[in-house]
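Single-structure report; data block below.
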Amino acid sequence: MRKPIMAGNWKMFKTEAEAVDFAKKIKPLVADVHDRIIIICPPYPVLSKMCDELCNSNIALGAENLFWEDEGAFTGEVSGPMLKAVGCTYVIIGHSERRQYFGETDETVNKRIKAALKHNLYPIVCVGEKLEERENGSTFNVVETQIKGAFKDISVEQWDNIVIAYEPVWAIGTGKTATPEQAQEVHAFIRKLLPEEVAEGTRILYGGSVKPANVKELMAQPDIDGGLVGGASLKVDSFVELVKY
Ligand code: 13P
């Protein structure tokens with residue numbers, strides 16, 4: 001059985017005061033939830049304060065990216081050991097916004113995954129096609145290339161706790177969710193691409209305009225194991241509704 005995950009990707013939203021306020025409010029509202037994993041991935045500057053609020057709760061903390069070196073002259077980057085030290089358990093890698101605006105490639109995604117695993121951070125690895133790729137029928141090719149590139153030279157023994165997120169780029173922040181059938185089709189395809197030994201146990205999250213109104217039908221699909229949520233994770237009530245779908 002794959003325990004479902006509901007993860008909030010806060011992107012570039014919330015100051016420290018706003019983040020702490022969110023944490024204080026949500027903690028008691030989900031304290032009784034133990035049959036699914038709850039993760040919040042806020043921006044770097046608030047991680048430490050968020051850990052003060054959440055690290056002893058049933059809400060895990062994640063970062064939105066990491067660099068592959070442990071330390072060095074890499075202005076603007078943060079490393080695995082730094083994220084561990086502020087209480088992160090998870091780290092998002094290869095989000096489409098990183099690919100689109102910051103030159104992330106399958107090769108750099110692969111390096112970041114290896115760095116995360118080296119430091120016992122669980123990677124949440126994002127893949128997904130753009131609108132024109134869906135329209136020209138290359139969704140499966142694109143996703144296969146991304147998955148193969150991301151997990152190059154990752155052995156089955158290292159695989160524990162790797163999470164994948166399928167996020168069709170055309171569904172992110174657009175209000176246009178993939179239908180449960182569209183998402184299920186790609187999730188099942190991704191699972192078939194994984195090493196046989198780990199395929200059944202790996203959680204594949206869906207991301208792209210997940211909301212309280214559509215979460216149930218998405219989660220009813222056999223290969224959808226949770227959500228990676230942007231906009232709807234920024235408000236306490238909608239994120240609680242998603243957690244308790
Ligand atoms: P939205 O839920 O705002 O569409 O964002 C999805 C996403 O990019 C999560 O990583």
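Order determines the names: the first chain of the structure tokens is A, the second B, and so forth; residues in each chain are numbered 1 upward, and ligands are numbered 1 upward as they are shown.
Taking only C-alpha atoms and all ligand atoms into account, ligand 1 has within 6 Å the residues Asn9, Ile172, Gly173, Gly207, Gly208, Ser209, Val210, Leu228, Val229, Gly230, Gly231 and Ala232 of chain A.
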> Counting only C-alpha atoms, what is within 8 Å of region 145-152 of chain A, bar same-chain residues fewer than 5 positions away, as number ranges by chain?
Replying inline: A: 106-107, 109-110, 113, 125, 127, 190, 193
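Distance annotation: of A:Ile93, A:Leu234, A:Ala63, A:Leu242, the residue with the minimal separation from Phe22 (chain A) is A:Leu234; atom set is only C-alpha atoms.
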> Pick the closest to Val156 (chain A) from A:Ala116, A:Ala73, A:Ile224, A:Val198: which is it, counting only C-alpha atoms?
Replying inline: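 Going through A:Ala116, A:Ala73, A:Ile224, A:Val198 one by one, the smallest distance to Val156 (chain A) is for A:Val198.
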> Can you list, as a list in words, every protein, DNA or RNA residue that comes within 9 Å of region 51-54 of chain A when you count only C-alpha atoms, leaving out same-chain residues fewer than 5 positions away?
Replying inline: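 Once the nearby chain positions are removed, what remains is Val20, Ala23, Lys24, Lys27, Val46, Ile59, Ala60, Leu61, Val86, Gly87 and Cys88 of chain A.
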Write to file, as a JSON list (two decimals), in the first residue's frame, the residues of the selection just made, with C-alpha atoms.
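Resulting contents of out37.json:
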```json
[["chain", "number", "residue", "atom", "x", "y", "z"],
["A", 20, "VAL", "CA", 4.49, 31.10, 10.74],
["A", 23, "ALA", "CA", 1.87, 26.86, 10.40],
["A", 24, "LYS", "CA", 0.31, 27.77, 13.74],
["A", 27, "LYS", "CA", -1.10, 22.29, 12.87],
["A", 46, "VAL", "CA", 11.32, 30.71, 6.18],
["A", 59, "ILE", "CA", 3.70, 17.91, 8.89],
["A", 60, "ALA", "CA", 7.02, 17.36, 7.13],
["A", 61, "LEU", "CA", 9.12, 20.15, 5.74],
["A", 86, "VAL", "CA", 16.99, 23.48, 8.97],
["A", 87, "GLY", "CA", 14.78, 20.43, 9.26],
["A", 88, "CYS", "CA", 13.93, 19.48, 5.69]]
```
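The shortest atom-to-atom distance to Gly227 (chain A), with only C-alpha atoms taken into account, belongs to A:Cys126 out of A:Cys126, A:Leu121, A:Glu133, A:Lys111.
CA of Val163 (chain A) is positioned 6.0 Å from CA of Pro123 (chain A).
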> Of the residues A:Pro180, A:Gly128, A:Gly137, A:Pro42, which is the one nearest to Ile92 (chain A), using only C-alpha atoms?
Replying inline: A:Pro42
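The gap separating CA of Asn58 (chain A) from CA of His187 (chain A) is 26.8 Å, in Å to one decimal.
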> Using only C-alpha atoms, which of A:Met50, A:Ile39, A:Met82, A:Val30 sits nearest Thr15 (chain A)?
Replying inline: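 Looking at the shortest contact to Thr15 (chain A), the residue is A:Met50.
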